[in-house]
file coords06.tsv (TSV, C-alpha atoms and all ligand atoms)
chain	number	residue	atom	x	y	z
Z	1	MET	CA	62.81	-17.85	-24.18
Z	2	PHE	CA	61.88	-19.65	-21.02
Z	3	LEU	CA	58.43	-21.25	-21.33
Z	4	THR	CA	56.67	-23.46	-18.80
Z	5	PHE	CA	53.54	-25.61	-18.77
Z	6	GLU	CA	51.26	-26.11	-15.80
Z	7	GLY	CA	48.01	-27.88	-15.00
Z	8	VAL	CA	46.42	-30.51	-12.78
Z	9	ASP	CA	47.44	-34.13	-13.28
Z	10	TRP	CA	46.12	-35.50	-16.62
Z	11	SER	CA	45.32	-32.02	-17.94
Z	12	GLY	CA	47.32	-32.70	-21.10
Z	13	LYS	CA	50.08	-30.18	-20.33
Z	14	SER	CA	52.91	-32.65	-21.08
Z	15	THR	CA	51.53	-33.23	-24.58
Z	16	GLN	CA	51.45	-29.47	-25.10
Z	17	ALA	CA	55.02	-29.05	-23.83
Z	18	GLU	CA	56.21	-31.70	-26.32
Z	19	LEU	CA	54.26	-30.19	-29.21
Z	20	LEU	CA	55.68	-26.72	-28.54
Z	21	ALA	CA	59.27	-27.97	-28.20
Z	22	GLY	CA	58.90	-29.83	-31.52
Z	23	TRP	CA	57.51	-26.78	-33.27
Z	24	LEU	CA	60.30	-24.52	-31.95
Z	25	ARG	CA	62.88	-27.01	-33.29
Z	26	GLU	CA	61.13	-26.94	-36.66
Z	27	GLN	CA	61.66	-23.18	-36.59
Z	28	GLY	CA	65.40	-23.90	-36.33
Z	29	ARG	CA	65.71	-23.09	-32.64
Z	30	THR	CA	67.72	-25.07	-30.11
Z	31	VAL	CA	65.45	-26.22	-27.32
Z	32	LEU	CA	66.05	-27.76	-23.93
Z	33	SER	CA	62.91	-29.77	-23.25
Z	34	THR	CA	62.73	-30.83	-19.62
Z	35	ARG	CA	60.44	-31.49	-16.66
Z	36	GLU	CA	60.13	-31.07	-12.91
Z	37	PRO	CA	60.80	-32.69	-10.62
Z	38	GLY	CA	63.73	-34.08	-12.58
Z	39	GLY	CA	66.17	-33.04	-15.25
Z	40	THR	CA	69.29	-33.61	-13.13
Z	41	PRO	CA	70.58	-36.67	-11.21
Z	42	VAL	CA	69.58	-35.16	-7.84
Z	43	GLY	CA	66.27	-34.03	-9.33
Z	44	GLU	CA	65.46	-37.53	-10.56
Z	45	ALA	CA	66.35	-38.99	-7.15
Z	46	VAL	CA	64.03	-36.44	-5.49
Z	47	ARG	CA	61.32	-37.36	-7.99
Z	48	ASP	CA	61.54	-40.94	-6.86
Z	49	VAL	CA	61.23	-39.98	-3.17
Z	50	VAL	CA	58.35	-37.50	-3.55
Z	51	LEU	CA	56.32	-39.56	-6.02
Z	52	HIS	CA	57.04	-43.10	-4.89
Z	53	GLY	CA	58.40	-42.82	-1.35
Z	54	ASP	CA	56.80	-42.78	2.09
Z	55	GLU	CA	54.38	-40.19	3.39
Z	56	MET	CA	56.06	-36.97	4.50
Z	57	THR	CA	55.15	-33.66	6.08
Z	58	PRO	CA	53.97	-30.89	3.73
Z	59	TRP	CA	57.06	-28.74	4.33
Z	60	ALA	CA	59.34	-31.70	3.65
Z	61	GLU	CA	57.51	-32.17	0.37
Z	62	ALA	CA	57.77	-28.48	-0.54
Z	63	ALA	CA	61.45	-28.44	0.39
Z	64	LEU	CA	62.19	-31.51	-1.73
Z	65	TYR	CA	60.50	-30.05	-4.81
Z	66	ALA	CA	62.42	-26.82	-4.14
Z	67	ALA	CA	65.72	-28.73	-3.83
Z	68	ALA	CA	65.12	-30.46	-7.16
Z	69	ARG	CA	64.25	-27.08	-8.70
Z	70	ALA	CA	67.40	-25.38	-7.35
Z	71	GLU	CA	69.55	-28.06	-9.00
Z	72	HIS	CA	67.59	-27.89	-12.21
Z	73	VAL	CA	67.85	-24.11	-12.47
Z	74	GLU	CA	71.57	-23.86	-11.76
Z	75	ARG	CA	72.74	-26.92	-13.69
Z	76	ALA	CA	70.37	-27.04	-16.65
Z	77	LEU	CA	68.00	-24.08	-17.14
Z	78	ARG	CA	70.30	-21.08	-16.58
Z	79	PRO	CA	73.17	-22.62	-18.60
Z	80	ALA	CA	70.83	-23.32	-21.53
Z	81	LEU	CA	69.34	-19.83	-21.41
Z	82	ASP	CA	72.86	-18.35	-21.17
Z	83	ARG	CA	73.81	-20.29	-24.33
Z	84	GLY	CA	70.88	-18.60	-26.06
Z	85	GLU	CA	68.70	-21.71	-26.18
Z	86	ASP	CA	64.99	-21.89	-25.52
Z	87	VAL	CA	63.80	-23.83	-22.48
Z	88	VAL	CA	60.45	-25.61	-22.41
Z	89	CYS	CA	59.75	-26.99	-18.96
Z	90	ASP	CA	56.88	-29.28	-17.95
Z	91	ARG	CA	55.99	-27.87	-14.47
Z	92	TYR	CA	57.88	-25.18	-12.56
Z	93	ILE	CA	57.27	-22.81	-9.62
Z	94	GLU	CA	53.47	-22.61	-10.07
Z	95	SER	CA	53.27	-26.38	-9.46
Z	96	SER	CA	54.72	-25.93	-5.98
Z	97	VAL	CA	52.62	-22.86	-5.31
Z	98	ALA	CA	49.40	-24.64	-6.38
Z	99	TYR	CA	50.06	-28.12	-4.93
Z	100	GLN	CA	52.05	-27.34	-1.77
Z	101	GLY	CA	51.02	-23.72	-1.20
Z	102	GLY	CA	47.37	-24.13	-2.15
Z	103	ALA	CA	46.22	-27.73	-1.85
Z	104	ARG	CA	48.54	-28.72	1.04
Z	105	GLY	CA	47.72	-25.45	2.76
Z	106	LEU	CA	51.26	-24.14	3.30
Z	107	GLY	CA	50.31	-20.75	1.87
Z	108	ILE	CA	50.71	-19.34	-1.61
Z	109	GLU	CA	52.98	-16.50	-0.50
Z	110	ARG	CA	55.33	-18.59	1.61
Z	111	VAL	CA	55.83	-21.27	-1.02
Z	112	LEU	CA	56.33	-18.63	-3.69
Z	113	GLU	CA	58.95	-16.93	-1.51
Z	114	LEU	CA	60.81	-20.22	-0.96
Z	115	ASN	CA	60.84	-20.88	-4.69
Z	116	LEU	CA	61.98	-17.41	-5.67
Z	117	MET	CA	64.85	-17.86	-3.21
Z	118	VAL	CA	66.01	-21.24	-4.50
Z	119	THR	CA	65.75	-20.22	-8.16
Z	120	ARG	CA	67.34	-16.80	-7.54
Z	121	GLY	CA	64.28	-15.27	-9.12
Z	122	LEU	CA	64.26	-17.10	-12.45
Z	123	VAL	CA	60.72	-16.50	-13.74
Z	124	PRO	CA	59.46	-17.80	-17.11
Z	125	ASP	CA	58.69	-15.47	-20.03
Z	126	ARG	CA	55.35	-17.23	-20.40
Z	127	THR	CA	53.59	-19.91	-18.42
Z	128	PHE	CA	50.87	-21.90	-20.19
Z	129	LEU	CA	48.23	-23.16	-17.80
Z	130	VAL	CA	46.14	-25.97	-19.27
Z	131	LEU	CA	42.80	-25.75	-17.50
Z	132	LEU	CA	40.60	-28.81	-17.25
Z	133	ASP	CA	37.86	-29.61	-14.80
Z	134	PRO	CA	39.62	-31.88	-12.26
Z	135	ALA	CA	36.81	-34.47	-12.43
Z	136	GLU	CA	37.23	-34.64	-16.22
Z	137	ALA	CA	41.01	-34.83	-15.83
Z	138	ARG	CA	40.58	-37.68	-13.35
Z	139	ARG	CA	38.54	-39.64	-15.88
Z	140	ARG	CA	41.49	-39.41	-18.27
Z	141	GLY	CA	43.87	-40.79	-15.67
Z	142	ALA	CA	44.54	-44.50	-15.72
Z	143	GLY	CA	47.00	-47.03	-14.41
Z	144	ARG	CA	49.03	-46.84	-11.23
Z	145	LEU	CA	48.81	-43.61	-9.32
Z	146	ASP	CA	51.81	-41.90	-7.73
Z	147	ARG	CA	51.78	-40.49	-4.18
Z	148	ILE	CA	50.42	-37.07	-5.22
Z	149	GLU	CA	47.81	-38.48	-7.60
Z	150	ARG	CA	46.49	-40.71	-4.82
Z	151	GLU	CA	45.45	-37.60	-2.86
Z	152	GLY	CA	42.15	-37.71	-4.71
Z	153	ASP	CA	39.45	-35.44	-6.07
Z	154	GLU	CA	39.20	-32.81	-3.35
Z	155	PHE	CA	42.98	-32.28	-3.40
Z	156	MET	CA	42.99	-31.86	-7.19
Z	157	ARG	CA	40.07	-29.42	-6.93
Z	158	LEU	CA	42.15	-27.28	-4.55
Z	159	VAL	CA	45.11	-27.44	-6.94
Z	160	ASP	CA	42.87	-26.28	-9.79
Z	161	GLU	CA	41.48	-23.45	-7.67
Z	162	ALA	CA	44.99	-22.27	-6.74
Z	163	TYR	CA	46.12	-22.38	-10.37
Z	164	ARG	CA	43.14	-20.27	-11.46
Z	165	SER	CA	43.85	-17.64	-8.83
Z	166	LEU	CA	47.54	-17.53	-9.84
Z	167	ALA	CA	46.54	-16.96	-13.46
Z	168	ALA	CA	44.13	-14.21	-12.46
Z	169	ALA	CA	46.89	-12.51	-10.45
Z	170	SER	CA	49.47	-12.57	-13.31
Z	171	PRO	CA	47.49	-12.31	-16.55
Z	172	GLU	CA	50.47	-10.75	-18.39
Z	173	ARG	CA	52.63	-13.87	-17.87
Z	174	ILE	CA	50.29	-16.80	-17.23
Z	175	VAL	CA	48.20	-17.79	-20.24
Z	176	ALA	CA	45.14	-19.84	-19.28
Z	177	LEU	CA	44.09	-22.32	-21.95
Z	178	ASP	CA	40.88	-24.31	-22.27
Z	179	GLY	CA	42.21	-27.86	-21.98
Z	180	ALA	CA	38.91	-29.50	-23.01
Z	181	ARG	CA	39.67	-28.87	-26.70
Z	182	ALA	CA	41.56	-31.05	-29.17
Z	183	PRO	CA	45.34	-31.06	-28.52
Z	184	GLU	CA	46.16	-29.51	-31.90
Z	185	GLU	CA	43.75	-26.65	-31.30
Z	186	ILE	CA	45.36	-25.88	-27.94
Z	187	ALA	CA	48.82	-26.16	-29.51
Z	188	GLU	CA	47.90	-23.57	-32.14
Z	189	GLU	CA	46.82	-21.11	-29.46
Z	190	VAL	CA	50.12	-21.69	-27.63
Z	191	ARG	CA	52.07	-21.07	-30.86
Z	192	GLU	CA	50.21	-17.80	-31.42
Z	193	HIS	CA	51.39	-16.55	-28.03
Z	194	VAL	CA	54.95	-17.73	-28.68
Z	195	ARG	CA	55.08	-16.18	-32.16
Z	196	ALA	CA	54.40	-12.83	-30.49
Z	197	LEU	CA	57.57	-13.30	-28.41
Z	198	LEU	CA	59.85	-14.25	-31.32
Z	201	LIG	P1	54.13	-34.92	-13.41
Z	201	LIG	O1	55.49	-34.97	-13.97
Z	201	LIG	O2	53.13	-34.06	-14.09
Z	201	LIG	O3	53.56	-36.37	-13.19
Z	201	LIG	P2	53.49	-37.57	-14.24
Z	201	LIG	O4	54.89	-37.90	-14.65
Z	201	LIG	O5	52.83	-38.63	-13.40
Z	201	LIG	O6	52.66	-37.07	-15.37
Z	201	LIG	O7	54.24	-34.35	-11.92
Z	201	LIG	C1	54.55	-35.11	-10.85
Z	201	LIG	C2	53.65	-34.82	-9.68
Z	201	LIG	O8	54.32	-33.95	-8.76
Z	201	LIG	C3	52.33	-34.18	-9.99
Z	201	LIG	O9	51.32	-34.87	-9.25
Z	201	LIG	C4	52.44	-32.78	-9.44
Z	201	LIG	C5	53.46	-32.90	-8.36
Z	201	LIG	N1	54.28	-31.68	-8.14
Z	201	LIG	C6	54.12	-30.93	-6.98
Z	201	LIG	O10	53.26	-31.25	-6.14
Z	201	LIG	N2	54.90	-29.84	-6.76
Z	201	LIG	C7	55.86	-29.46	-7.65
Z	201	LIG	O11	56.58	-28.46	-7.43
Z	201	LIG	C8	56.02	-30.23	-8.86
Z	201	LIG	C9	57.06	-29.87	-9.86
Z	201	LIG	C10	55.20	-31.33	-9.07
call {"tool": "encode", "arguments": {"input": "coords06.tsv", "output": "structure tokens", "more": "lines below"}}
Ligand code: TYD
result
Amino acid sequence: MFLTFEGVDWSGKSTQAELLAGWLREQGRTVLSTREPGGTPVGEAVRDVVLHGDEMTPWAEAALYAAARAEHVERALRPALDRGEDVVCDRYIESSVAYQGGARGLGIERVLELNLMVTRGLVPDRTFLVLLDPAEARRRGAGRLDRIEREGDEFMRLVDEAYRSLAAASPERIVALDGARAPEEIAEEVREHVRALL
């Protein structure tokens, strides 16, 4: 199974990705638990540039995330899936579509097309979208902000809006979850969906 987690910054999606990977391992499954951007040497280098580097044009940003994703898919995700392992990935294509396509204004369709090209069409079995009001999510955020997080409230509102429209367009694959609940409650709902795939 290929399962991904999505959501605005501080939505709690990373906690959910970890909880699900742990539960799958308890079921005796072998799980590759990974994140984007990252998961390969080139991917981690790209992560450093996009999150902590200088300002860049929106298409440069989209292309860098796509480059990291291309590496990740070919070197880590496809090999793991081919070995029969499960993959749980914290962020994937919908992050680029929502952040670069939606919030940066590059266009949902164009960014989706770019990402389907660079991944050779590798689409998750299920994508869990942790929904949380961006203002509430912002209140959870603390400490030093990276380059994307510094974009502020209006940007995160646009990301949230794009995510919601993606979920509405693919209800059979994208599972929208109410992220305002306790983590364990959300995790149980995720497990229910995954049990149905086992
Ligand atoms: P994330 O790993 O969730 O951040 P953190 O480690 O701080 O919790 O994601 C990194 C940031 O990159 C996040 O602000 C979303 C952004 N991002 C995109 O804009 N497009 C993408 O394709 C991806 C994968 C992430």
call {"tool": "axis_aligned_box", "arguments": {"input": "coords06.tsv", "around": "ligand LIG 201 (chain Z)", "padding_each_side": "6 Å", "output": "JSON"}}
result
{"center_x": 54.2, "center_y": -33.5, "center_z": -10.8, "size_x": 17.7, "size_y": 22.2, "size_z": 21.2}
call {"tool": "closest_atom_pairs", "arguments": {"input": "coords06.tsv", "of": "segment 74-123 of chain Z", "to": "segment 37-51 of chain Z", "cutoff": "12 Å", "atoms": "all atoms listed in the file", "output": "tab-separated table"}}
result
residue	atom	partner	partner_atom	distance
Z:Glu74	CA	Z:Thr40	CA	10.1
Z:Arg75	CA	Z:Thr40	CA	7.5
Z:Ala76	CA	Z:Gly39	CA	7.5
Z:Leu77	CA	Z:Gly39	CA	9.3
Z:Val87	CA	Z:Gly39	CA	11.9
Z:Val88	CA	Z:Gly39	CA	11.8
Z:Cys89	CA	Z:Gly39	CA	9.6
Z:Asp90	CA	Z:Pro37	CA	9.0
Z:Arg91	CA	Z:Pro37	CA	7.8
Z:Tyr92	CA	Z:Pro37	CA	8.3
Z:Ile93	CA	Z:Pro37	CA	10.5
Z:Ser95	CA	Z:Pro37	CA	9.9
Z:Ser96	CA	Z:Pro37	CA	10.2
call {"tool": "write_last_selection", "arguments": {"input": "coords06.tsv", "atoms": "C-alpha atoms", "output": "PDB file, keeping the file's coordinate frame"}}
result
ATOM      1  CA  GLU Z  74      71.570 -23.860 -11.760  1.00  0.00           C
ATOM      2  CA  ARG Z  75      72.740 -26.920 -13.690  1.00  0.00           C
ATOM      3  CA  ALA Z  76      70.370 -27.040 -16.650  1.00  0.00           C
ATOM      4  CA  LEU Z  77      68.000 -24.080 -17.140  1.00  0.00           C
ATOM      5  CA  VAL Z  87      63.800 -23.830 -22.480  1.00  0.00           C
ATOM      6  CA  VAL Z  88      60.450 -25.610 -22.410  1.00  0.00           C
ATOM      7  CA  CYS Z  89      59.750 -26.990 -18.960  1.00  0.00           C
ATOM      8  CA  ASP Z  90      56.880 -29.280 -17.950  1.00  0.00           C
ATOM      9  CA  ARG Z  91      55.990 -27.870 -14.470  1.00  0.00           C
ATOM     10  CA  TYR Z  92      57.880 -25.180 -12.560  1.00  0.00           C
ATOM     11  CA  ILE Z  93      57.270 -22.810  -9.620  1.00  0.00           C
ATOM     12  CA  SER Z  95      53.270 -26.380  -9.460  1.00  0.00           C
ATOM     13  CA  SER Z  96      54.720 -25.930  -5.980  1.00  0.00           C
TER      14      SER Z  96
END
call {"tool": "residues_around", "arguments": {"input": "coords06.tsv", "residues": "Arg138 of chain Z", "least_positions_apart": "3", "cutoff": "8 Å", "atoms": "only C-alpha atoms", "output": "PyMOL selection string"}}
result
chain Z and resi 9-10+134-135+141+153
call {"tool": "closest_residue", "arguments": {"input": "coords06.tsv", "among": "Z:Glu55, Z:Asp133, Z:Glu161, Z:Asp146", "to": "ligand LIG 201 (chain Z)", "atoms": "all atoms listed in the file"}}
result
Z:Asp146
call {"tool": "closest_residue", "arguments": {"input": "coords06.tsv", "among": "Z:Glu113, Z:Asp125, Z:Glu151, Z:Glu189", "to": "ligand LIG 201 (chain Z)", "atoms": "all atoms listed in the file"}}
result
Z:Glu151
call {"tool": "closest_residue", "arguments": {"input": "coords06.tsv", "among": "Z:Glu136, Z:Glu154, Z:Glu149, Z:Glu94", "to": "Ser170 of chain Z", "atoms": "all atoms listed in the file"}}
result
Z:Glu94
call {"tool": "residues_around", "arguments": {"input": "coords06.tsv", "residues": "Ala196 of chain Z", "least_positions_apart": "4", "cutoff": "12 Å", "atoms": "only C-alpha atoms", "output": "list in words"}}
result
Met1, Asp125, Arg126, Glu189, Val190, Arg191 and Glu192 of chain Z
call {"tool": "closest_residue", "arguments": {"input": "coords06.tsv", "among": "Z:Tyr65, Z:Phe128, Z:Tyr163, Z:Phe155", "to": "ligand LIG 201 (chain Z)", "atoms": "all atoms listed in the file"}}
result
Z:Tyr65
call {"tool": "closest_residue", "arguments": {"input": "coords06.tsv", "among": "Z:Ala187, Z:Leu24, Z:Leu3, Z:Ala142", "to": "ligand LIG 201 (chain Z)", "atoms": "only C-alpha atoms and all ligand atoms"}}
result
Z:Ala142
call {"tool": "closest_residue", "arguments": {"input": "coords06.tsv", "among": "Z:Arg83, Z:Arg140, Z:Arg35, Z:Arg164", "to": "ligand LIG 201 (chain Z)", "atoms": "all atoms listed in the file"}}
result
Z:Arg35
call {"tool": "atom_distance", "arguments": {"input": "coords06.tsv", "atom1": "atom CA of Asp178 of chain Z", "atom2": "atom CA of Leu131 of chain Z"}}
result
5.3 Å
call {"tool": "atom_distance", "arguments": {"input": "coords06.tsv", "atom1": "atom CA of Leu177 of chain Z", "atom2": "atom CA of Arg195 of chain Z"}}
result
16.2 Å
call {"tool": "atom_distance", "arguments": {"input": "coords06.tsv", "atom1": "atom CA of Gly105 of chain Z", "atom2": "atom CA of Ala176 of chain Z"}}
result
22.9 Å
call {"tool": "residues_around", "arguments": {"input": "coords06.tsv", "residues": "Val97 of chain Z", "least_positions_apart": "3", "cutoff": "10 Å", "atoms": "all atoms listed in the file", "output": "compact mmCIF listing (two decimals) with C-alpha atoms, in the frame of the given file"}}
result
# COMPACT_ATOMS: atom_id res chain seq x y z
CA ALA Z 62 57.77 -28.48 -0.54
CA TYR Z 92 57.88 -25.18 -12.56
CA ILE Z 93 57.27 -22.81 -9.62
CA GLU Z 94 53.47 -22.61 -10.07
CA GLN Z 100 52.05 -27.34 -1.77
CA GLY Z 101 51.02 -23.72 -1.20
CA GLY Z 102 47.37 -24.13 -2.15
CA ALA Z 103 46.22 -27.73 -1.85
CA ARG Z 104 48.54 -28.72 1.04
CA GLY Z 105 47.72 -25.45 2.76
CA LEU Z 106 51.26 -24.14 3.30
CA GLY Z 107 50.31 -20.75 1.87
CA ILE Z 108 50.71 -19.34 -1.61
CA GLU Z 109 52.98 -16.50 -0.50
CA ARG Z 110 55.33 -18.59 1.61
CA VAL Z 111 55.83 -21.27 -1.02
CA LEU Z 112 56.33 -18.63 -3.69
CA GLU Z 113 58.95 -16.93 -1.51
CA LEU Z 114 60.81 -20.22 -0.96
CA ASN Z 115 60.84 -20.88 -4.69
CA VAL Z 159 45.11 -27.44 -6.94
CA ALA Z 162 44.99 -22.27 -6.74
CA TYR Z 163 46.12 -22.38 -10.37
CA LEU Z 166 47.54 -17.53 -9.84
call {"tool": "residues_around", "arguments": {"input": "coords06.tsv", "residues": "Glu184 of chain Z", "least_positions_apart": "6", "cutoff": "10 Å", "atoms": "all atoms listed in the file", "output": "JSON, numbers by chain"}}
result
{"Z": [15, 16, 19, 190]}
